[in-house]
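Below is one structure, written out as structure tokens, with a few remarks after it.
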Amino acid sequence: MRPLSLDEGHTPRGVVFVKAVKCLAMGFAVTPLGGCAVGVGAIFGSFIKALAFSPDLEDTLFTQALLGFALIETFMVITVGVVVLIYSF
């Protein structure tokens with residue numbers, strides 16, 4: 001068998017391997033987003049439960065819930081940024 005050349009329309013094996021590894025890396029990098037969704041649900045579920053026990057602390061509880069939500073969303077944005085970096089290089 002003769003080696004494949006680029007002018008015959010075939011993709012070299014190395015390029016296919018790099019693309020496959022990028023797809024796997026992006027899949028592994030996106031996996032924590034599911035955990036972020038669970039975390040947001042836990043934060044607001046706990047907020048509603050705490051609000052039912054002590055409605056007079058609504059402002060304090062809401063501020064803390066938003067702070068936790070913002071921290072989780074920051075982690076999500078960083079994760080998406082890593083995925084974009086993996087895809088672009």
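The way I read the labels, and the way they are meant: chains A, B, ... in the order of the structure tokens, residue 1 as the first residue of every chain, and ligand 1 as the first ligand shown, with later ones counted on from there.
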Next item on the list: For region 70-73 of chain A, list every protein, DNA or RNA residue within 10 Å, evaluated using only C-alpha atoms, and leave out those in the same chain fewer than 4 positions away; present the list as number ranges by chain.
Entry: A: 33, 35-37, 39-40, 43, 64-66, 77-79
I need the residues from that last selection saved to file as an mmCIF file, in the first residue's frame (with C-alpha atoms), if you can.
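The result, stored in selection16.cif:
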data_model
loop_
_atom_site.group_PDB
_atom_site.id
_atom_site.type_symbol
_atom_site.label_atom_id
_atom_site.label_comp_id
_atom_site.auth_asym_id
_atom_site.auth_seq_id
_atom_site.Cartn_x
_atom_site.Cartn_y
_atom_site.Cartn_z
ATOM 1 C CA LEU A 33 -22.029 22.183 34.209
ATOM 2 C CA GLY A 35 -23.112 19.914 38.890
ATOM 3 C CA CYS A 36 -23.585 23.669 38.626
ATOM 4 C CA ALA A 37 -27.235 23.175 37.719
ATOM 5 C CA GLY A 39 -25.991 23.462 42.930
ATOM 6 C CA VAL A 40 -28.275 26.270 41.776
ATOM 7 C CA ILE A 43 -29.332 26.903 46.745
ATOM 8 C CA GLN A 64 -26.941 35.093 50.533
ATOM 9 C CA ALA A 65 -28.801 33.024 47.925
ATOM 10 C CA LEU A 66 -27.885 35.500 45.191
ATOM 11 C CA VAL A 77 -18.690 30.991 32.712
ATOM 12 C CA ILE A 78 -15.097 29.932 33.404
ATOM 13 C CA THR A 79 -15.950 26.373 32.353
#
Note to self: Taking 2 positions as the minimum chain separation for residues in the same chain, which residues sit within 12 Å of Ala29 (chain A) when counting only C-alpha atoms? Answer as a list in words.
What the structure shows: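 Answer for this query is Lys22, Cys23, Leu24, Ala25, Met26, Gly27, Thr31, Pro32, Leu33, Gly34, Gly35, Phe75, Met76, Val77, Ile78, Thr79, Val80, Gly81, Val82, Val83, Val84, Leu85, Ile86 and Tyr87 of chain A.
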Given the selection you just returned, output its residues as a file containing N, CA and C atoms, formatted as a compact mmCIF listing (two decimals), in the first residue's frame.
# COMPACT_ATOMS: atom_id res chain seq x y z
N LYS A 22 -9.85 16.51 21.04
CA LYS A 22 -10.51 17.78 21.38
C LYS A 22 -11.97 17.55 21.76
N CYS A 23 -12.64 16.68 21.02
CA CYS A 23 -14.04 16.39 21.35
C CYS A 23 -14.16 15.74 22.73
N LEU A 24 -13.28 14.82 23.04
CA LEU A 24 -13.30 14.20 24.37
C LEU A 24 -12.99 15.22 25.46
N ALA A 25 -12.02 16.08 25.21
CA ALA A 25 -11.65 17.09 26.21
C ALA A 25 -12.80 18.07 26.44
N MET A 26 -13.50 18.46 25.37
CA MET A 26 -14.64 19.35 25.53
C MET A 26 -15.76 18.67 26.29
N GLY A 27 -15.97 17.39 26.04
CA GLY A 27 -16.99 16.66 26.77
C GLY A 27 -16.67 16.57 28.25
N THR A 31 -18.79 18.56 31.58
CA THR A 31 -19.42 17.72 32.60
C THR A 31 -19.74 18.48 33.90
N PRO A 32 -18.87 19.35 34.40
CA PRO A 32 -19.21 20.07 35.65
C PRO A 32 -20.41 21.00 35.55
N LEU A 33 -20.87 21.31 34.33
CA LEU A 33 -22.03 22.18 34.21
C LEU A 33 -23.28 21.53 34.80
N GLY A 34 -23.35 20.21 34.74
CA GLY A 34 -24.47 19.52 35.38
C GLY A 34 -24.44 19.71 36.89
N GLY A 35 -23.26 19.67 37.46
CA GLY A 35 -23.11 19.91 38.89
C GLY A 35 -23.49 21.34 39.26
N PHE A 75 -18.36 30.15 38.02
CA PHE A 75 -17.72 28.88 37.70
C PHE A 75 -18.20 28.36 36.35
N MET A 76 -19.49 28.54 36.06
CA MET A 76 -20.02 28.08 34.78
C MET A 76 -19.41 28.87 33.62
N VAL A 77 -19.27 30.16 33.78
CA VAL A 77 -18.69 30.99 32.71
C VAL A 77 -17.23 30.61 32.48
N ILE A 78 -16.49 30.36 33.55
CA ILE A 78 -15.10 29.93 33.40
C ILE A 78 -15.02 28.59 32.68
N THR A 79 -15.93 27.68 33.00
CA THR A 79 -15.95 26.37 32.35
C THR A 79 -16.23 26.51 30.86
N VAL A 80 -17.18 27.35 30.50
CA VAL A 80 -17.48 27.57 29.09
C VAL A 80 -16.28 28.23 28.40
N GLY A 81 -15.60 29.12 29.07
CA GLY A 81 -14.39 29.72 28.50
C GLY A 81 -13.31 28.70 28.24
N VAL A 82 -13.15 27.74 29.14
CA VAL A 82 -12.17 26.67 28.92
C VAL A 82 -12.55 25.84 27.72
N VAL A 83 -13.83 25.56 27.56
CA VAL A 83 -14.29 24.78 26.40
C VAL A 83 -14.01 25.54 25.11
N VAL A 84 -14.23 26.83 25.11
CA VAL A 84 -13.94 27.63 23.90
C VAL A 84 -12.45 27.62 23.60
N LEU A 85 -11.62 27.72 24.63
CA LEU A 85 -10.17 27.65 24.42
C LEU A 85 -9.74 26.29 23.87
N ILE A 86 -10.33 25.23 24.37
CA ILE A 86 -10.00 23.90 23.86
C ILE A 86 -10.39 23.79 22.40
N TYR A 87 -11.57 24.31 22.07
CA TYR A 87 -12.05 24.20 20.69
C TYR A 87 -11.23 25.05 19.73
Check: What gap, in Å, lies between CA of Gly41 (chain A) and CA of Thr74 (chain A)?
Finding: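 CA of Thr74 (chain A) lies at a distance of 15.7 Å from CA of Gly41 (chain A).
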Margin query: Excluding Leu61 (chain A) and its own-chain neighbours fewer than 3 positions away, which residues fall within 8 Å of it when counting only C-alpha atoms? Please give them as a list of chain:residue names.
Written below: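 These residues fall inside the cut-off: A:Phe47, A:Ala50, A:Leu51, A:Leu57, A:Glu58, A:Gln64, A:Ala65.
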Item checked: Using only C-alpha atoms: which of A:Ala42, A:Ser88, A:Phe53, A:Ile48 has the shortest distance to Phe69 (chain A) ->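 Comparing A:Ala42, A:Ser88, A:Phe53, A:Ile48 against Phe69 (chain A), the winner is A:Ala42.
Distance-wise, CA of Phe28 (chain A) and CA of Leu67 (chain A) end up 26.9 Å apart.
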